[in-house]
Amino acid sequence: MKVLGKLLLTSVILVGSLSAIPPQPTEAAAGKVSILLDGYPLPFPVQPTVMNGTTMVPFRAISEALGIQVVWDQKQQKITATKPSGTAMKKVELKIGSKNAVVDGVNAPLAVAPQTIQSSTMIPLSFFSQQFGAAVSWDQPTQTVSITSPREDMYTLGFYAISSFDERAYIPSFDTVAFGWSRIEKDGQFTTQSSGVEHKWPKPAGDVTPESIIQDASDQGTSPYLMVYSVDSSLELTKNLEDPALQEDTTSKIVATAADKGFKGIALDLEGLGLTGDKDKVKTEYNAFMKKLSAKAREAGLKITIIVHPLNSSYKGYDYKTLATLADDLVIMAYAYEQEKAPEPLNKVDEAIQLALKQTTKDKLILGISLGSEKDTSVNSKIGLAKRYDLKGVAFWRLGIIGPSAWAQINQSIEMKQ
């Protein structure tokens, strides 16, 4: 969908053949080395530094950013880092002052021993990262280390619109696909027969019908969701939220349509709330709407995904904390900061995630990425942020505009379902 139009999709990480960090002839000054993880700076409590040709970083910061579990044994001065690797568990042990590491029970030499600097345990970056599947490269002129996170299994949500038909073959690769075939019209009424070009029940294409696409998705292990779209540009949502009778009718029709058409869930993409007026009033009314819808959906055995503007946007009508308790997950539309004319600014996306995490837990959050904004060379950084914060997953706007190049990059970054 967009912000006041379309929404998200995403992907990609170039996990290419990146070279190892070459040895440096002299030690770089502390604070001179910078580190990028998936193209975006990685903050550290203590600045990385080069010692005897080896880049050293605080172990906990790099571990958490790569989703690695770390245990510190104070008595033995030993670090034990573990992360699932397929059906096995990767295990790396490092000891302060020792140039011998133990990787899955086998000794491995280190160029520089781990050590404590300013109360932080510093470990060799390239060795540690590469043990867990990350690729590391070094740019000498800028003194920059670039890390590409390893390919991971993540929850993926794809959006399907009227013009997504040409990429329907991608559907089985997603965990969930939300079909944008319904909306709330300007009169506040829910419908699948919109007079607009998008967000309406599509016509059959030969033997392929909307119902057959839904059934095929379900048969292939992809959960089909009914997406309900609207934007408050004509106060259609305001009308609905302020009218208890209309709200009751709307929520009942949404759930009945989803259940009757064979959907497994509902994705609510109701945009534009809280741009003006009483923001707290809007939040309260939308919470009440979602409480009604959620209760009815649960009774019908349907899941709920709520798509929300980022908290650093102009739309302040979304109470993340309450909505997260009513839904299975929230999709953050962290894009259109610059009208989708270029890749989204990473600092804005990062800020949107951090603000969301203050309101709810990471297992409730899905990062939305729009291929209307991103290029196949930029989406990897957005996925990287979802990985860095260990979010539930990523959502992609949309099938039909992904393209083979971006799709290839997505599959290098994410272990898609098929």
# chains A, B, ... in the order shown; residues from 1 in each chain; ligands from 1
call {"tool": "residues_around", "arguments": {"residues": "Ser119 (chain A)", "least_positions_apart": "6", "cutoff": "10 Å", "atoms": "only C-alpha atoms", "output": "PDB file with N, CA, C and O atoms, in the first residue's frame"}}
result
ATOM      1  N   PRO A  45      29.705   0.843  22.247  1.00  0.00           N
ATOM      2  CA  PRO A  45      29.980   1.570  23.495  1.00  0.00           C
ATOM      3  C   PRO A  45      31.432   2.022  23.574  1.00  0.00           C
ATOM      4  O   PRO A  45      31.748   3.009  24.230  1.00  0.00           O
ATOM      5  N   VAL A  46      32.307   1.268  22.920  1.00  0.00           N
ATOM      6  CA  VAL A  46      33.726   1.620  22.833  1.00  0.00           C
ATOM      7  C   VAL A  46      34.095   1.589  21.352  1.00  0.00           C
ATOM      8  O   VAL A  46      33.718   0.661  20.640  1.00  0.00           O
ATOM      9  N   PRO A  58      33.769  -4.329  20.467  1.00  0.00           N
ATOM     10  CA  PRO A  58      33.115  -4.858  21.665  1.00  0.00           C
ATOM     11  C   PRO A  58      32.236  -6.059  21.302  1.00  0.00           C
ATOM     12  O   PRO A  58      31.359  -5.954  20.444  1.00  0.00           O
TER      13      PRO A  58
END
call {"tool": "select_by_dssp", "arguments": {"residues": "region 139-315 of chain A", "states": "helix (DSSP H, G or I)", "output": "JSON, numbers by chain"}}
result
{"A": [162, 163, 164, 165, 166, 167, 168, 169, 170, 171, 172, 173, 210, 211, 212, 213, 214, 215, 216, 217, 218, 219, 232, 233, 234, 236, 237, 238, 239, 240, 241, 242, 244, 245, 246, 247, 248, 249, 250, 251, 252, 253, 254, 255, 256, 257, 258, 259, 260, 279, 280, 281, 282, 283, 284, 285, 286, 287, 288, 289, 290, 291, 292, 293, 294, 295, 296, 297, 298, 299]}
call {"tool": "closest_residue", "arguments": {"among": "A:Glu152, A:Glu236, A:Lys417, A:Leu66", "to": "Gln220 (chain A)", "atoms": "only C-alpha atoms"}}
result
A:Lys417
call {"tool": "closest_residue", "arguments": {"among": "A:Glu299, A:Glu248, A:Asp376, A:Asp363", "to": "Asp329 (chain A)", "atoms": "only C-alpha atoms"}}
result
A:Asp363
call {"tool": "select_by_dssp", "arguments": {"residues": "region 199-348 of chain A", "states": "strand (DSSP E or B)", "output": "MDAnalysis selection string"}}
result
chainID A and resid 205 208 223:231 265:271 303:308 329:333
call {"tool": "residues_around", "arguments": {"residues": "Ala161 (chain A)", "least_positions_apart": "6", "cutoff": "10 Å", "atoms": "only C-alpha atoms", "output": "list in words"}}
result
Met1, Lys6, Leu7, Ala178, Phe179, Gly180, Trp181, Glu198, His199, Lys200, Trp201, Pro202, Met227, Trp397, Arg398, Leu399 and Gly400 of chain A
call {"tool": "write_last_selection", "arguments": {"atoms": "N, CA and C atoms", "output": "short mmCIF file (atom, residue, chain, number, x, y, z; two decimals), in the first residue's frame"}}
result
data_model
loop_
_atom_site.label_atom_id
_atom_site.label_comp_id
_atom_site.auth_asym_id
_atom_site.auth_seq_id
_atom_site.Cartn_x
_atom_site.Cartn_y
_atom_site.Cartn_z
N MET A 1 0.86 -1.13 0.00
CA MET A 1 0.00 0.00 0.00
C MET A 1 0.91 1.19 0.00
N LYS A 6 -0.20 3.29 -1.40
CA LYS A 6 0.28 1.94 -1.57
C LYS A 6 1.00 1.43 -0.36
N LEU A 7 1.35 0.14 -0.35
CA LEU A 7 2.14 -0.35 0.79
C LEU A 7 3.20 -1.31 0.39
N ALA A 178 -1.16 -10.79 1.59
CA ALA A 178 -2.38 -10.01 1.84
C ALA A 178 -2.91 -9.49 0.51
N PHE A 179 -4.14 -9.87 0.18
CA PHE A 179 -4.74 -9.52 -1.10
C PHE A 179 -5.58 -8.25 -0.93
N GLY A 180 -5.17 -7.18 -1.61
CA GLY A 180 -5.81 -5.88 -1.44
C GLY A 180 -7.05 -5.71 -2.30
N TRP A 181 -8.04 -6.51 -2.00
CA TRP A 181 -9.24 -6.57 -2.83
C TRP A 181 -10.47 -6.00 -2.15
N GLU A 198 -8.09 0.32 -7.94
CA GLU A 198 -7.49 -0.69 -7.07
C GLU A 198 -8.42 -1.01 -5.90
N HIS A 199 -8.01 -2.02 -5.14
CA HIS A 199 -8.69 -2.41 -3.91
C HIS A 199 -10.14 -2.82 -4.16
N LYS A 200 -10.31 -3.68 -5.14
CA LYS A 200 -11.62 -4.26 -5.41
C LYS A 200 -11.43 -5.70 -5.84
N TRP A 201 -12.49 -6.46 -5.81
CA TRP A 201 -12.43 -7.87 -6.18
C TRP A 201 -12.13 -7.98 -7.67
N PRO A 202 -11.04 -8.65 -8.04
CA PRO A 202 -10.65 -8.67 -9.46
C PRO A 202 -11.51 -9.60 -10.30
N MET A 227 -6.92 -8.00 2.65
CA MET A 227 -6.48 -6.67 3.04
C MET A 227 -7.61 -5.67 2.82
N TRP A 397 5.87 -4.37 -0.24
CA TRP A 397 4.95 -3.78 -1.21
C TRP A 397 5.69 -3.70 -2.52
N ARG A 398 5.27 -4.33 -3.51
CA ARG A 398 4.24 -5.33 -3.62
C ARG A 398 4.60 -6.27 -4.75
N LEU A 399 3.92 -7.41 -4.83
CA LEU A 399 4.06 -8.26 -6.00
C LEU A 399 3.60 -7.47 -7.22
N GLY A 400 4.31 -7.62 -8.31
CA GLY A 400 4.01 -6.85 -9.52
C GLY A 400 5.04 -5.79 -9.80
#
call {"tool": "atom_distance", "arguments": {"atom1": "CA of Val228 (chain A)", "atom2": "CA of Pro210 (chain A)"}}
result
15.5 Å
call {"tool": "residues_around", "arguments": {"residues": "Leu37 (chain A)", "least_positions_apart": "2", "cutoff": "7 Å", "atoms": "only C-alpha atoms", "output": "number ranges by chain"}}
result
A: 35, 39-42, 146-148
call {"tool": "write_last_selection", "arguments": {"atoms": "all heavy atoms", "output": "PDB file, in the first residue's frame"}}
result
ATOM      1  N   ILE A  35      32.278   1.084  11.336  1.00  0.00           N
ATOM      2  CA  ILE A  35      31.752  -0.210  10.925  1.00  0.00           C
ATOM      3  C   ILE A  35      30.328  -0.047  10.410  1.00  0.00           C
ATOM      4  O   ILE A  35      29.489   0.586  11.055  1.00  0.00           O
ATOM      5  CB  ILE A  35      31.791  -1.214  12.084  1.00  0.00           C
ATOM      6  CG1 ILE A  35      33.245  -1.504  12.469  1.00  0.00           C
ATOM      7  CG2 ILE A  35      31.083  -2.508  11.716  1.00  0.00           C
ATOM      8  CD1 ILE A  35      33.411  -2.516  13.572  1.00  0.00           C
ATOM      9  N   GLY A  39      25.224  -1.867   5.366  1.00  0.00           N
ATOM     10  CA  GLY A  39      25.214  -0.528   4.801  1.00  0.00           C
ATOM     11  C   GLY A  39      24.841   0.584   5.749  1.00  0.00           C
ATOM     12  O   GLY A  39      24.712   1.741   5.324  1.00  0.00           O
ATOM     13  N   TYR A  40      24.673   0.266   7.053  1.00  0.00           N
ATOM     14  CA  TYR A  40      24.247   1.289   8.008  1.00  0.00           C
ATOM     15  C   TYR A  40      25.145   1.214   9.235  1.00  0.00           C
ATOM     16  O   TYR A  40      25.476   0.113   9.709  1.00  0.00           O
ATOM     17  CB  TYR A  40      22.793   1.064   8.402  1.00  0.00           C
ATOM     18  CG  TYR A  40      22.201   2.151   9.253  1.00  0.00           C
ATOM     19  CD1 TYR A  40      22.055   3.444   8.755  1.00  0.00           C
ATOM     20  CD2 TYR A  40      21.793   1.889  10.559  1.00  0.00           C
ATOM     21  CE1 TYR A  40      21.508   4.450   9.543  1.00  0.00           C
ATOM     22  CE2 TYR A  40      21.234   2.894  11.351  1.00  0.00           C
ATOM     23  CZ  TYR A  40      21.103   4.170  10.828  1.00  0.00           C
ATOM     24  OH  TYR A  40      20.559   5.167  11.608  1.00  0.00           O
ATOM     25  N   PRO A  41      25.570   2.363   9.776  1.00  0.00           N
ATOM     26  CA  PRO A  41      26.520   2.353  10.895  1.00  0.00           C
ATOM     27  C   PRO A  41      26.034   1.525  12.075  1.00  0.00           C
ATOM     28  O   PRO A  41      24.854   1.539  12.429  1.00  0.00           O
ATOM     29  CB  PRO A  41      26.620   3.836  11.271  1.00  0.00           C
ATOM     30  CG  PRO A  41      26.293   4.565  10.008  1.00  0.00           C
ATOM     31  CD  PRO A  41      25.258   3.736   9.324  1.00  0.00           C
ATOM     32  N   LEU A  42      26.975   0.825  12.683  1.00  0.00           N
ATOM     33  CA  LEU A  42      26.697   0.022  13.870  1.00  0.00           C
ATOM     34  C   LEU A  42      27.329   0.716  15.071  1.00  0.00           C
ATOM     35  O   LEU A  42      28.543   0.872  15.140  1.00  0.00           O
ATOM     36  CB  LEU A  42      27.282  -1.379  13.707  1.00  0.00           C
ATOM     37  CG  LEU A  42      27.016  -2.394  14.812  1.00  0.00           C
ATOM     38  CD1 LEU A  42      25.525  -2.684  14.912  1.00  0.00           C
ATOM     39  CD2 LEU A  42      27.781  -3.691  14.550  1.00  0.00           C
ATOM     40  N   SER A 146      32.955  -3.136   6.458  1.00  0.00           N
ATOM     41  CA  SER A 146      31.586  -3.393   6.008  1.00  0.00           C
ATOM     42  C   SER A 146      31.249  -4.856   6.252  1.00  0.00           C
ATOM     43  O   SER A 146      31.969  -5.748   5.796  1.00  0.00           O
ATOM     44  CB  SER A 146      31.427  -3.067   4.519  1.00  0.00           C
ATOM     45  OG  SER A 146      31.584  -1.681   4.295  1.00  0.00           O
ATOM     46  N   ILE A 147      30.155  -5.067   6.983  1.00  0.00           N
ATOM     47  CA  ILE A 147      29.695  -6.424   7.289  1.00  0.00           C
ATOM     48  C   ILE A 147      28.365  -6.657   6.576  1.00  0.00           C
ATOM     49  O   ILE A 147      27.471  -5.805   6.628  1.00  0.00           O
ATOM     50  CB  ILE A 147      29.482  -6.625   8.796  1.00  0.00           C
ATOM     51  CG1 ILE A 147      30.723  -6.232   9.582  1.00  0.00           C
ATOM     52  CG2 ILE A 147      29.092  -8.058   9.108  1.00  0.00           C
ATOM     53  CD1 ILE A 147      30.514  -6.215  11.083  1.00  0.00           C
ATOM     54  N   THR A 148      28.246  -7.792   5.916  1.00  0.00           N
ATOM     55  CA  THR A 148      26.972  -8.203   5.328  1.00  0.00           C
ATOM     56  C   THR A 148      26.446  -9.374   6.144  1.00  0.00           C
ATOM     57  O   THR A 148      27.108 -10.399   6.275  1.00  0.00           O
ATOM     58  CB  THR A 148      27.134  -8.626   3.856  1.00  0.00           C
ATOM     59  OG1 THR A 148      27.658  -7.530   3.108  1.00  0.00           O
ATOM     60  CG2 THR A 148      25.798  -9.021   3.268  1.00  0.00           C
TER      61      THR A 148
END
call {"tool": "closest_residue", "arguments": {"among": "A:Gln193, A:Ser233, A:Gln412, A:Ser212", "to": "Arg168 (chain A)", "atoms": "only C-alpha atoms"}}
result
A:Ser212
call {"tool": "residues_around", "arguments": {"residues": "Gly158 (chain A)", "least_positions_apart": "2", "cutoff": "6 Å", "atoms": "only C-alpha atoms", "output": "list in words"}}
result
Val177, Ala395 and Phe396 of chain A
call {"tool": "atom_distance", "arguments": {"atom1": "CA of Val308 (chain A)", "atom2": "CA of Ile214 (chain A)"}}
result
24.5 Å
call {"tool": "residues_around", "arguments": {"residues": "Pro114 (chain A)", "least_positions_apart": "4", "cutoff": "12 Å", "atoms": "only C-alpha atoms", "output": "list in words"}}
result
Met51, Thr54, Thr55, Met56, Val57, Pro58, Phe59, Gln77, Lys78, Ile79, Glu93, Leu94, Lys95, Ile96, Gly97, Ser98, Lys99, Asn100, Ala101, Pro109, Leu110, Ser120, Thr121, Met122, Ile123, Pro124, Leu125, Phe127 and Phe128 of chain A
call {"tool": "residues_around", "arguments": {"residues": "Gly274 (chain A)", "least_positions_apart": "5", "cutoff": "9 Å", "atoms": "only C-alpha atoms", "output": "ChimeraX atom specification"}}
result
/A:279-283,314-318
call {"tool": "write_last_selection", "arguments": {"atoms": "C-alpha atoms", "output": "PDB file, in the first residue's frame"}}
result
ATOM      1  CA  LYS A 279      -4.969  12.825  18.177  1.00  0.00           C
ATOM      2  CA  ASP A 280      -5.950  11.135  21.443  1.00  0.00           C
ATOM      3  CA  LYS A 281      -9.597  11.014  20.374  1.00  0.00           C
ATOM      4  CA  VAL A 282      -8.659   9.402  17.075  1.00  0.00           C
ATOM      5  CA  LYS A 283      -6.499   6.810  18.853  1.00  0.00           C
ATOM      6  CA  SER A 314       2.872  13.089  10.418  1.00  0.00           C
ATOM      7  CA  TYR A 315       0.079  10.636  11.249  1.00  0.00           C
ATOM      8  CA  LYS A 316      -0.393  10.420  15.003  1.00  0.00           C
ATOM      9  CA  GLY A 317      -3.626   8.436  15.251  1.00  0.00           C
ATOM     10  CA  TYR A 318      -2.113   5.025  15.992  1.00  0.00           C
TER      11      TYR A 318
END
call {"tool": "atom_distance", "arguments": {"atom1": "CA of Asp187 (chain A)", "atom2": "CA of Leu241 (chain A)"}}
result
12.1 Å
call {"tool": "closest_residue", "arguments": {"among": "A:Gln140, A:Gly277, A:Ala334, A:Pro48", "to": "Gln118 (chain A)", "atoms": "only C-alpha atoms"}}
result
A:Pro48
call {"tool": "decode", "arguments": {"residues": "region 93-125 of chain A", "atoms": "N, CA, C and O atoms", "output": "compact mmCIF listing (two decimals), in the first residue's frame"}}
result
# COMPACT_ATOMS: atom_id res chain seq x y z
N GLU A 93 34.01 -20.20 21.28
CA GLU A 93 34.48 -19.84 22.61
C GLU A 93 35.76 -19.02 22.49
O GLU A 93 36.69 -19.41 21.79
N LEU A 94 35.78 -17.88 23.18
CA LEU A 94 36.94 -17.00 23.19
C LEU A 94 37.30 -16.68 24.64
O LEU A 94 36.42 -16.49 25.48
N LYS A 95 38.60 -16.61 24.92
CA LYS A 95 39.04 -16.36 26.28
C LYS A 95 39.95 -15.14 26.31
O LYS A 95 40.82 -14.98 25.44
N ILE A 96 39.72 -14.27 27.30
CA ILE A 96 40.54 -13.07 27.43
C ILE A 96 42.01 -13.45 27.55
O ILE A 96 42.39 -14.30 28.36
N GLY A 97 42.84 -12.83 26.71
CA GLY A 97 44.28 -13.05 26.76
C GLY A 97 44.76 -14.26 26.00
O GLY A 97 45.98 -14.48 25.89
N SER A 98 43.84 -15.07 25.45
CA SER A 98 44.25 -16.29 24.74
C SER A 98 44.12 -16.11 23.23
O SER A 98 43.09 -15.65 22.74
N LYS A 99 45.16 -16.52 22.49
CA LYS A 99 45.12 -16.44 21.03
C LYS A 99 44.59 -17.72 20.41
O LYS A 99 44.72 -17.94 19.22
N ASN A 100 43.98 -18.55 21.24
CA ASN A 100 43.34 -19.78 20.74
C ASN A 100 41.83 -19.71 21.00
O ASN A 100 41.40 -19.57 22.14
N ALA A 101 41.06 -19.81 19.93
CA ALA A 101 39.60 -19.89 20.04
C ALA A 101 39.19 -21.35 19.86
O ALA A 101 39.97 -22.18 19.37
N VAL A 102 37.98 -21.68 20.28
CA VAL A 102 37.44 -23.02 20.08
C VAL A 102 36.15 -22.87 19.29
O VAL A 102 35.20 -22.23 19.74
N VAL A 103 36.13 -23.46 18.09
CA VAL A 103 34.97 -23.37 17.21
C VAL A 103 34.37 -24.76 17.05
O VAL A 103 35.00 -25.65 16.47
N ASP A 104 33.20 -24.95 17.59
CA ASP A 104 32.54 -26.26 17.53
C ASP A 104 33.46 -27.38 18.02
O ASP A 104 33.55 -28.46 17.41
N GLY A 105 34.19 -27.07 19.10
CA GLY A 105 35.05 -28.07 19.71
C GLY A 105 36.43 -28.18 19.11
O GLY A 105 37.25 -28.96 19.59
N VAL A 106 36.73 -27.40 18.08
CA VAL A 106 38.03 -27.48 17.40
C VAL A 106 38.80 -26.19 17.64
O VAL A 106 38.26 -25.09 17.49
N ASN A 107 40.08 -26.30 17.99
CA ASN A 107 40.91 -25.13 18.23
C ASN A 107 41.13 -24.33 16.95
O ASN A 107 41.31 -24.90 15.87
N ALA A 108 41.10 -22.99 17.09
CA ALA A 108 41.33 -22.11 15.95
C ALA A 108 42.20 -20.94 16.41
O ALA A 108 41.89 -20.31 17.42
N PRO A 109 43.29 -20.65 15.69
CA PRO A 109 44.21 -19.59 16.12
C PRO A 109 43.64 -18.20 15.86
O PRO A 109 42.88 -17.98 14.91
N LEU A 110 44.02 -17.24 16.71
CA LEU A 110 43.64 -15.85 16.54
C LEU A 110 44.88 -15.00 16.35
O LEU A 110 45.92 -15.25 16.96
N ALA A 111 44.78 -13.98 15.51
CA ALA A 111 45.91 -13.08 15.31
C ALA A 111 46.15 -12.23 16.54
O ALA A 111 47.29 -11.92 16.90
N VAL A 112 45.05 -11.85 17.21
CA VAL A 112 45.13 -11.03 18.42
C VAL A 112 44.18 -11.62 19.46
O VAL A 112 43.05 -11.99 19.13
N ALA A 113 44.64 -11.72 20.69
CA ALA A 113 43.80 -12.28 21.74
C ALA A 113 42.72 -11.28 22.16
O ALA A 113 42.94 -10.07 22.16
N PRO A 114 41.53 -11.75 22.54
CA PRO A 114 40.51 -10.88 23.12
C PRO A 114 41.05 -10.19 24.35
O PRO A 114 41.86 -10.75 25.09
N GLN A 115 40.62 -8.96 24.59
CA GLN A 115 41.10 -8.22 25.75
C GLN A 115 40.06 -7.20 26.20
O GLN A 115 39.10 -6.92 25.49
N THR A 116 40.24 -6.67 27.40
CA THR A 116 39.32 -5.70 27.96
C THR A 116 39.84 -4.29 27.77
O THR A 116 40.99 -3.99 28.12
N ILE A 117 38.99 -3.42 27.19
CA ILE A 117 39.33 -2.02 26.98
C ILE A 117 38.16 -1.18 27.48
O ILE A 117 37.02 -1.36 27.02
N GLN A 118 38.41 -0.31 28.41
CA GLN A 118 37.37 0.57 28.97
C GLN A 118 36.15 -0.23 29.41
O GLN A 118 35.02 0.09 29.08
N SER A 119 36.38 -1.32 30.10
CA SER A 119 35.34 -2.18 30.67
C SER A 119 34.54 -2.96 29.62
O SER A 119 33.54 -3.59 29.94
N SER A 120 34.98 -2.92 28.37
CA SER A 120 34.33 -3.71 27.32
C SER A 120 35.29 -4.77 26.81
O SER A 120 36.48 -4.51 26.62
N THR A 121 34.75 -5.98 26.60
CA THR A 121 35.57 -7.05 26.05
C THR A 121 35.66 -6.90 24.54
O THR A 121 34.65 -6.90 23.84
N MET A 122 36.87 -6.74 24.04
CA MET A 122 37.11 -6.54 22.61
C MET A 122 37.56 -7.84 21.97
O MET A 122 38.41 -8.55 22.51
N ILE A 123 36.97 -8.13 20.82
CA ILE A 123 37.30 -9.38 20.13
C ILE A 123 37.62 -9.08 18.66
O ILE A 123 37.24 -8.04 18.12
N PRO A 124 38.33 -9.99 17.98
CA PRO A 124 38.66 -9.79 16.56
C PRO A 124 37.39 -9.84 15.70
O PRO A 124 36.69 -10.85 15.69
N LEU A 125 37.10 -8.77 15.00
CA LEU A 125 35.85 -8.67 14.24
C LEU A 125 35.76 -9.68 13.10
O LEU A 125 34.78 -10.40 12.97
